[in-house]
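File shown here: upload.cif, holding mmCIF, C-alpha atoms.
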```
data_structure
#
loop_
_atom_site.label_atom_id
_atom_site.label_comp_id
_atom_site.auth_asym_id
_atom_site.auth_seq_id
_atom_site.Cartn_x
_atom_site.Cartn_y
_atom_site.Cartn_z
CA MET A 11 -10.35 24.35 -4.06
CA SER A 12 -10.75 23.32 -7.67
CA ASP A 13 -12.01 19.88 -6.70
CA LYS A 14 -14.04 20.95 -3.65
CA ASN A 15 -16.64 18.25 -4.36
CA PHE A 16 -14.05 15.52 -4.00
CA ILE A 17 -14.68 14.93 -0.29
CA VAL A 18 -17.58 17.15 0.80
CA PRO A 19 -20.43 14.83 -0.31
CA ILE A 20 -19.14 11.96 1.81
CA THR A 21 -17.63 13.54 4.92
CA ASN A 22 -20.91 13.55 6.84
CA SER A 23 -21.48 9.86 6.11
CA LEU A 24 -17.99 8.55 6.88
CA SER A 25 -18.44 8.09 10.62
CA VAL A 26 -21.88 6.56 10.16
CA ALA A 27 -20.58 4.20 7.48
CA MET A 28 -17.69 3.04 9.66
CA ALA A 29 -19.99 2.43 12.64
CA ASP A 30 -22.39 0.43 10.48
CA MET A 31 -19.50 -1.49 8.94
CA GLN A 32 -18.02 -2.47 12.29
CA GLU A 33 -21.44 -3.58 13.55
CA GLU A 34 -22.35 -5.61 10.47
CA MET A 35 -18.90 -7.21 10.11
CA GLU A 36 -18.45 -8.25 13.73
CA GLY A 37 -16.76 -11.63 13.75
CA LEU A 38 -15.99 -11.39 10.04
CA GLN A 39 -12.97 -10.13 8.12
CA LEU A 40 -13.29 -7.50 5.45
CA THR A 41 -11.35 -7.82 2.23
CA PHE A 42 -10.10 -4.90 0.19
CA ASP A 43 -10.27 -4.42 -3.54
CA ARG A 44 -6.63 -4.47 -4.62
CA ILE A 45 -5.12 -2.21 -7.24
CA LYS A 46 -2.33 -3.97 -9.12
CA ILE A 47 0.90 -2.52 -10.47
CA PRO A 48 1.88 -3.82 -13.92
CA ALA A 49 5.07 -5.71 -14.60
CA GLY A 50 7.51 -4.80 -17.34
CA GLY A 51 7.28 -1.03 -16.99
CA GLY A 52 3.59 -0.60 -17.79
CA LEU A 53 2.06 2.80 -17.07
CA ALA A 54 -1.50 1.80 -16.17
CA PHE A 55 -2.81 0.40 -12.91
CA GLU A 56 -5.20 -2.54 -12.93
CA VAL A 57 -8.23 -1.37 -10.94
CA PRO A 58 -10.94 -3.84 -9.88
CA THR A 59 -14.52 -3.36 -11.01
CA GLY A 60 -17.73 -5.19 -10.26
CA ASN A 61 -16.62 -7.83 -12.76
CA PRO A 62 -13.47 -9.66 -11.57
CA ASP A 63 -12.73 -10.69 -15.16
CA ALA A 64 -12.81 -7.14 -16.49
CA PRO A 65 -10.57 -4.80 -14.44
CA GLU A 66 -10.22 -1.19 -15.52
CA MET A 67 -6.87 0.17 -16.61
CA LYS A 68 -6.10 3.62 -15.17
CA GLN A 69 -3.01 5.77 -15.59
CA GLU A 70 -3.61 7.56 -12.29
CA ILE A 71 -5.26 6.93 -8.94
CA VAL A 72 -6.59 9.96 -7.07
CA GLY A 73 -7.68 9.78 -3.46
CA VAL A 74 -6.82 10.29 0.19
CA ILE A 75 -4.33 7.91 1.80
CA VAL A 76 -6.29 7.13 4.96
CA ASP A 77 -3.77 4.60 6.27
CA HIS A 78 -0.46 3.05 5.30
CA HIS A 79 1.96 0.61 6.90
CA PRO A 80 4.89 -1.67 6.01
CA ILE A 81 4.65 -5.40 5.36
CA ASN A 82 7.36 -8.00 4.70
CA ALA A 83 7.32 -11.32 2.86
CA TYR A 84 9.94 -14.03 2.41
CA TRP A 85 9.74 -16.94 -0.03
CA GLN A 86 12.27 -19.69 0.56
CA SER A 87 12.29 -20.53 -3.15
CA LYS A 88 12.88 -17.73 -5.65
CA TYR A 89 9.60 -15.95 -6.25
CA SER A 90 8.51 -16.26 -9.88
CA GLY A 91 4.87 -15.30 -9.78
CA GLN A 92 3.65 -18.53 -8.21
CA ASN A 93 0.40 -18.37 -6.30
CA SER A 94 1.85 -19.54 -3.01
CA PRO A 95 1.94 -17.83 0.39
CA PRO A 96 5.30 -16.60 1.68
CA ASN A 97 7.14 -18.89 4.07
CA CYS A 98 7.42 -15.97 6.47
CA SER A 99 5.52 -12.69 6.51
CA SER A 100 4.96 -9.63 8.65
CA ILE A 101 1.89 -7.42 8.64
CA ASP A 102 3.60 -4.58 10.48
CA GLY A 103 7.16 -4.76 9.12
CA LYS A 104 8.42 -5.52 12.64
CA HIS A 105 7.33 -9.00 13.67
CA GLY A 106 7.49 -11.89 11.24
CA PHE A 107 5.70 -15.23 11.47
CA ASN A 108 7.19 -18.33 9.83
CA ILE A 109 4.45 -20.73 8.69
CA ASP A 110 6.93 -23.63 8.47
CA THR A 111 8.21 -23.43 12.03
CA ASN A 112 5.30 -21.54 13.67
CA GLU A 113 7.88 -19.16 15.11
CA THR A 114 7.72 -15.39 15.50
CA MET A 115 10.87 -13.31 15.17
CA GLU A 116 11.96 -9.69 15.03
CA CYS A 117 12.28 -8.54 11.41
CA ALA A 118 15.15 -6.18 12.25
CA ASN A 119 17.27 -9.11 13.43
CA CYS A 120 16.33 -11.56 10.69
CA PRO A 121 19.26 -12.46 8.38
CA TYR A 122 16.90 -12.54 5.38
CA ASN A 123 15.98 -8.91 6.03
CA GLN A 124 19.53 -7.64 5.49
CA PHE A 125 20.91 -6.18 2.27
CA GLY A 126 23.05 -8.73 0.50
CA SER A 127 20.92 -11.69 1.58
CA ASP A 128 19.24 -12.27 -1.79
CA GLU A 129 20.68 -14.67 -4.35
CA LEU A 130 22.46 -11.84 -6.18
CA GLY A 131 24.08 -10.55 -3.01
CA LYS A 132 22.59 -7.06 -3.52
CA GLY A 133 19.06 -6.78 -2.21
CA LYS A 134 17.12 -8.49 0.55
CA ALA A 135 15.80 -12.04 0.46
CA CYS A 136 12.84 -10.71 2.45
CA LYS A 137 10.78 -8.27 0.41
CA ASN A 138 9.93 -5.02 2.19
CA MET A 139 6.67 -3.61 0.85
CA HIS A 140 4.15 -1.00 1.94
CA ARG A 141 0.36 -1.07 1.93
CA LEU A 142 -1.59 2.07 1.06
CA TYR A 143 -5.31 2.36 1.75
CA ILE A 144 -6.76 4.95 -0.60
CA LEU A 145 -10.20 6.50 -0.27
CA ARG A 146 -11.42 7.68 -3.66
CA SER A 147 -14.11 10.21 -4.44
CA GLY A 148 -17.60 9.00 -3.61
CA ASP A 149 -16.39 5.88 -1.75
CA VAL A 150 -16.76 5.10 1.95
CA PHE A 151 -14.30 2.18 1.92
CA PRO A 152 -10.71 2.39 0.66
CA VAL A 153 -8.95 0.34 -1.98
CA LEU A 154 -5.58 -1.28 -1.32
CA LEU A 155 -2.38 -0.61 -3.24
CA THR A 156 0.79 -2.44 -2.20
CA LEU A 157 4.08 -0.80 -3.11
CA PRO A 158 7.04 -3.00 -4.11
CA PRO A 159 10.50 -2.35 -2.62
CA THR A 160 11.51 -0.21 -5.60
CA SER A 161 8.75 2.34 -4.89
CA LEU A 162 9.42 2.84 -1.18
CA LYS A 163 11.79 5.76 -1.73
CA SER A 164 9.11 7.58 -3.75
CA LEU A 165 6.68 7.24 -0.85
CA SER A 166 9.30 8.23 1.73
CA ASP A 167 10.24 11.36 -0.22
CA TYR A 168 6.59 12.31 -0.76
CA ILE A 169 5.53 11.98 2.87
CA GLY A 170 8.76 13.25 4.38
CA LYS A 171 9.64 16.08 1.98
CA ARG A 172 6.28 17.17 0.60
CA LEU A 173 3.82 16.58 3.44
CA LEU A 174 5.34 16.40 6.91
CA VAL A 175 7.63 19.40 6.42
CA LYS A 176 4.50 21.46 5.68
CA GLY A 177 2.59 20.11 8.65
CA TYR A 178 0.37 17.72 6.67
CA LYS A 179 -0.50 14.12 7.35
CA SER A 180 -1.20 11.86 4.41
CA CYS A 181 -4.94 11.95 5.20
CA ASP A 182 -4.95 15.76 4.90
CA ILE A 183 -4.18 15.59 1.19
CA VAL A 184 -5.81 14.42 -2.00
CA THR A 185 -2.93 12.52 -3.58
CA LYS A 186 -2.41 11.66 -7.25
CA ILE A 187 -0.60 8.39 -7.83
CA THR A 188 0.97 7.57 -11.20
CA LEU A 189 3.57 5.23 -12.68
CA LYS A 190 6.97 5.94 -14.16
CA ARG A 191 8.89 3.53 -16.38
CA VAL A 192 12.48 3.06 -15.20
CA GLN A 193 15.23 0.48 -15.72
CA ASN A 194 17.38 -1.39 -13.28
CA THR A 195 21.13 -1.81 -13.68
CA THR A 196 20.67 -4.80 -15.96
CA GLY A 197 18.35 -2.91 -18.30
CA ILE A 198 15.10 -4.53 -17.15
CA ALA A 199 12.17 -2.09 -17.23
CA TYR A 200 9.82 -1.84 -14.28
CA SER A 201 7.06 0.45 -13.03
CA GLN A 202 7.89 2.84 -10.21
CA VAL A 203 5.04 4.49 -8.31
CA GLN A 204 5.07 8.30 -8.16
CA PHE A 205 3.16 10.64 -5.82
CA SER A 206 2.06 14.27 -6.10
CA ILE A 207 -0.30 16.61 -4.26
CA GLU A 208 -3.58 16.99 -6.12
CA SER A 209 -5.11 19.34 -3.52
CA VAL A 210 -5.19 20.13 0.19
CA LEU A 211 -8.38 19.43 2.12
CA SER A 212 -10.21 22.19 3.95
CA ASP A 213 -10.02 22.32 7.74
CA ASP A 214 -13.44 20.65 8.09
CA GLU A 215 -12.47 17.97 5.59
CA LYS A 216 -9.17 17.35 7.38
CA ALA A 217 -10.99 16.86 10.68
CA ALA A 218 -13.42 14.40 9.09
CA MET A 219 -10.68 12.48 7.31
CA ARG A 220 -8.44 12.28 10.39
CA LYS A 221 -11.36 10.84 12.35
CA TYR A 222 -12.08 8.38 9.56
CA SER A 223 -8.39 7.47 9.32
CA GLU A 224 -8.27 6.55 12.99
CA SER A 225 -11.44 4.48 12.79
CA ILE A 226 -10.42 2.57 9.63
CA LYS A 227 -7.23 1.36 11.33
CA ALA A 228 -9.36 -1.07 13.33
CA VAL A 229 -9.84 -2.82 9.98
CA THR A 230 -6.62 -2.10 8.07
CA ARG A 231 -4.33 -3.15 10.93
CA GLN A 232 -5.98 -6.55 11.31
CA LYS A 233 -3.98 -9.62 10.40
CA ILE A 234 -4.75 -9.43 6.70
CA THR A 235 -2.72 -12.17 5.05
CA VAL A 236 0.13 -11.11 2.78
CA GLU A 237 -0.72 -12.47 -0.66
CA SER A 238 1.67 -13.57 -3.37
CA ASN A 239 0.27 -11.07 -5.88
CA GLU A 240 1.20 -8.14 -3.63
CA TYR A 241 4.85 -8.48 -4.62
CA ILE A 242 5.98 -7.37 -8.08
CA ASP A 243 9.29 -9.07 -8.86
CA SER A 244 10.48 -6.66 -11.53
CA ALA A 245 13.61 -4.93 -10.31
CA GLU A 246 16.37 -5.05 -7.74
CA PRO A 247 15.50 -3.55 -4.32
CA LEU A 248 18.67 -1.66 -3.46
CA PRO A 249 19.27 0.45 -0.34
CA PHE A 250 18.67 4.19 -0.49
#
```

Kindly present the structure from the file in structure tokens form.
Amino acid sequence: MSDKNFIVPITNSLSVAMADMQEEMEGLQLTFDRIKIPAGGGLAFEVPTGNPDAPEMKQEIVGVIVDHHPINAYWQSKYSGQNSPPNCSSIDGKHGFNIDTNETMECANCPYNQFGSDELGKGKACKNMHRLYILRSGDVFPVLLTLPPTSLKSLSDYIGKRLLVKGYKSCDIVTKITLKRVQNTTGIAYSQVQFSIESVLSDDEKAAMRKYSESIKAVTRQKITVESNEYIDSAEPLPF
């Protein structure tokens, strides 16, 4: 492979790192560095660095998707970038918890999770998003990228049509993630996430990454709060 060194230097340390992490963080909750998608059709991701006031702008993210899962969030008032938690959220896309009523309900049956429930009568009042945990070269802990509703089809097509049909899981592949500027029906520009295969891991690398992927889920599938900055309100989420 042209980028053979992408994973090889860290595969032997992944299991050890995860074991150490779970031991050291017992009783504590890990937080993930979050990659942000720009508003207004920008083509560069905002990637955290050691300095929270000086993020790095990158036009592509390259790494292995070691886990991914849906999340949902509903704001009773129209979301306009305010730093407030959603009134109801789901960390698995199936079961939502309403902080106002302390009730749990099935997302599939929720009226706010139906197309036509938003104020325009087109999209959903509840925002369906998707978290990606991406392990980059040289790292032993993934970064988090949350896809907005308008990028879900790109992910579905990539995994369903490019990976699964060829017998690959997302953790078998080094994926390149970029942004494409598109417009909604009212002419508003927004950034849509795009995916492509950078390379396929070797059999040994696949085995190591699949093992790592299973172990990291003990962390990624915890009840990590849905934050307001995970949703990019830049376009209409229409059915596909």

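Picture a line from atom CA of A:Glu215 to atom CA of A:Asp182; it runs 7.9 Å.
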
Quick one: apply the PyMOL selection byres ((chain A and resi 100-102) around 12) to the file and drop the selected residues here as number ranges by chain. A: 78-84, 96-99, 103-109, 113-118, 120, 123, 136-141, 156, 230-237

Closest pair table for stretch 130-159 of chain A residues within 9 Å of stretch 43-50 of chain A, all atoms listed in the file, as JSON lines:
```
{"residue": "A:Pro152", "atom": "CA", "partner": "A:Asp43", "partner_atom": "CA", "distance": 8.0}
{"residue": "A:Val153", "atom": "CA", "partner": "A:Asp43", "partner_atom": "CA", "distance": 5.2}
{"residue": "A:Leu154", "atom": "CA", "partner": "A:Arg44", "partner_atom": "CA", "distance": 4.7}
{"residue": "A:Leu155", "atom": "CA", "partner": "A:Ile45", "partner_atom": "CA", "distance": 5.1}
{"residue": "A:Thr156", "atom": "CA", "partner": "A:Lys46", "partner_atom": "CA", "distance": 7.7}
{"residue": "A:Leu157", "atom": "CA", "partner": "A:Ile47", "partner_atom": "CA", "distance": 8.2}
{"residue": "A:Pro158", "atom": "CA", "partner": "A:Ile47", "partner_atom": "CA", "distance": 8.9}
```

Env of A:Ser206: 8 Å cut, atoms = only C-alpha atoms, seq-sep filter 6 positions within chain, self excluded. Answer as number ranges by chain. A: 168, 185-187

Now that the selection is made, can you save its residues with C-alpha atoms as a short mmCIF file (atom, residue, chain, number, x, y, z; two decimals), keeping the file's coordinate frame?
```cif
data_model
loop_
_atom_site.label_atom_id
_atom_site.label_comp_id
_atom_site.auth_asym_id
_atom_site.auth_seq_id
_atom_site.Cartn_x
_atom_site.Cartn_y
_atom_site.Cartn_z
CA TYR A 168 6.59 12.31 -0.76
CA THR A 185 -2.93 12.52 -3.58
CA LYS A 186 -2.41 11.66 -7.25
CA ILE A 187 -0.60 8.39 -7.83
#
```

Measuring between all atoms listed in the file, which one of A:Phe42, A:Ile71, A:Pro159, A:Tyr178 shows the shortest distance to A:Ser147?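 Nearest to A:Ser147: A:Ile71.
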
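Distance cut-off 8 Å, centre (-8.4, -0.5, -18.6), atoms counted all atoms listed in the file; the residues meeting this are Ala54, Glu56, Val57, Pro65, Glu66, Met67 and Lys68 of chain A.
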
I need the residue nearest A:Lys221 from this list: A:Gln204, A:Ala135, A:Cys181, A:Asn119. Use only C-alpha atoms for the distance.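 The answer is A:Cys181, which sits nearest to A:Lys221.
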
Could you list, as a ChimeraX atom specification, every residue within 8 Å of A:Ile226, counting all atoms listed in the file and ignoring same-chain residues fewer than 2 positions away? /A:28,76-77,222-224,228-230

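As for atom CA of A:Val203 and atom CA of A:Lys163, they are spaced 9.5 Å apart.
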
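Compared by their closest atoms to A:Ala199, and using all atoms listed in the file, the residues A:Tyr143, A:Lys179, A:Ser127, A:Gly51 rank with A:Gly51 nearest.
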
If you count only C-alpha atoms, the residue of A:Lys132, A:Phe125, A:Val74, A:Leu189 closest to A:Arg220 turns out to be A:Val74

Could you jot down the atom CA of A:Leu145 to atom CA of A:Asn61 separation for me, Å, one decimal place? 20.1 Å

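Distances from A:Ser87, A:Tyr200, A:Glu208, A:Thr188 to A:Arg172 were compared using all atoms listed in the file, and the smallest one belongs to A:Glu208.
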
Write out all heavy atoms for stretch 172-183 of chain A, as a compact mmCIF listing (two decimals), in the frame of the given file.
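For reference, part_38.txt as written:
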```
# COMPACT_ATOMS: atom_id res chain seq x y z
N ARG A 172 7.37 16.38 1.15
CA ARG A 172 6.28 17.17 0.60
C ARG A 172 5.16 17.41 1.60
O ARG A 172 4.47 18.42 1.52
CB ARG A 172 5.69 16.46 -0.64
CG ARG A 172 6.68 16.25 -1.78
CD ARG A 172 7.08 17.58 -2.43
NE ARG A 172 5.95 18.35 -2.85
CZ ARG A 172 5.25 18.14 -3.97
NH1 ARG A 172 5.60 17.14 -4.77
NH2 ARG A 172 4.22 18.90 -4.29
N LEU A 173 4.95 16.47 2.53
CA LEU A 173 3.82 16.58 3.44
C LEU A 173 4.22 16.98 4.86
O LEU A 173 3.81 18.02 5.36
CB LEU A 173 3.04 15.25 3.47
CG LEU A 173 2.52 14.72 2.14
CD1 LEU A 173 1.64 13.49 2.37
CD2 LEU A 173 1.77 15.78 1.36
N LEU A 174 5.04 16.16 5.50
CA LEU A 174 5.34 16.40 6.91
C LEU A 174 6.04 17.73 7.14
O LEU A 174 5.77 18.40 8.15
CB LEU A 174 6.21 15.25 7.45
CG LEU A 174 5.53 13.88 7.54
CD1 LEU A 174 6.51 12.84 8.06
CD2 LEU A 174 4.29 13.94 8.42
N VAL A 175 6.92 18.13 6.24
CA VAL A 175 7.63 19.40 6.42
C VAL A 175 6.68 20.60 6.35
O VAL A 175 7.01 21.68 6.83
CB VAL A 175 8.76 19.57 5.39
CG1 VAL A 175 9.83 18.52 5.60
CG2 VAL A 175 8.22 19.51 3.97
N LYS A 176 5.50 20.38 5.76
CA LYS A 176 4.50 21.46 5.68
C LYS A 176 3.39 21.29 6.71
O LYS A 176 2.40 22.01 6.69
CB LYS A 176 3.90 21.49 4.27
CG LYS A 176 4.92 21.82 3.18
CD LYS A 176 4.26 21.82 1.81
CE LYS A 176 5.30 22.14 0.73
NZ LYS A 176 4.70 22.12 -0.64
N GLY A 177 3.56 20.32 7.59
CA GLY A 177 2.59 20.11 8.65
C GLY A 177 1.40 19.26 8.27
O GLY A 177 0.41 19.21 9.01
N TYR A 178 1.48 18.55 7.14
CA TYR A 178 0.37 17.72 6.67
C TYR A 178 0.60 16.26 7.03
O TYR A 178 1.73 15.77 7.02
CB TYR A 178 0.21 17.80 5.16
CG TYR A 178 -0.09 19.16 4.61
CD1 TYR A 178 0.59 19.65 3.49
CD2 TYR A 178 -1.07 19.97 5.20
CE1 TYR A 178 0.30 20.90 2.97
CE2 TYR A 178 -1.35 21.22 4.68
CZ TYR A 178 -0.65 21.69 3.56
OH TYR A 178 -0.93 22.93 3.06
N LYS A 179 -0.50 15.56 7.31
CA LYS A 179 -0.50 14.12 7.35
C LYS A 179 -1.01 13.62 6.00
O LYS A 179 -1.62 14.38 5.24
CB LYS A 179 -1.40 13.61 8.49
CG LYS A 179 -0.94 14.02 9.88
CD LYS A 179 -1.86 13.46 10.95
CE LYS A 179 -1.82 11.94 11.01
NZ LYS A 179 -2.64 11.41 12.12
N SER A 180 -0.77 12.37 5.71
CA SER A 180 -1.20 11.86 4.41
C SER A 180 -2.70 11.94 4.22
O SER A 180 -3.19 12.11 3.10
CB SER A 180 -0.73 10.41 4.23
OG SER A 180 -1.22 9.59 5.27
N CYS A 181 -3.48 11.87 5.32
CA CYS A 181 -4.94 11.95 5.20
C CYS A 181 -5.46 13.37 5.09
O CYS A 181 -6.67 13.59 5.00
CB CYS A 181 -5.61 11.21 6.36
SG CYS A 181 -5.23 11.88 7.99
N ASP A 182 -4.55 14.36 5.09
CA ASP A 182 -4.95 15.76 4.90
C ASP A 182 -4.95 16.16 3.42
O ASP A 182 -5.34 17.28 3.08
CB ASP A 182 -3.98 16.70 5.63
CG ASP A 182 -3.99 16.52 7.13
OD1 ASP A 182 -5.01 16.04 7.66
OD2 ASP A 182 -2.97 16.85 7.77
N ILE A 183 -4.49 15.24 2.58
CA ILE A 183 -4.18 15.59 1.19
C ILE A 183 -4.92 14.66 0.22
O ILE A 183 -5.06 13.46 0.47
CB ILE A 183 -2.65 15.43 0.94
CG1 ILE A 183 -1.86 16.35 1.87
CG2 ILE A 183 -2.29 15.68 -0.52
CD1 ILE A 183 -2.04 17.82 1.59
```
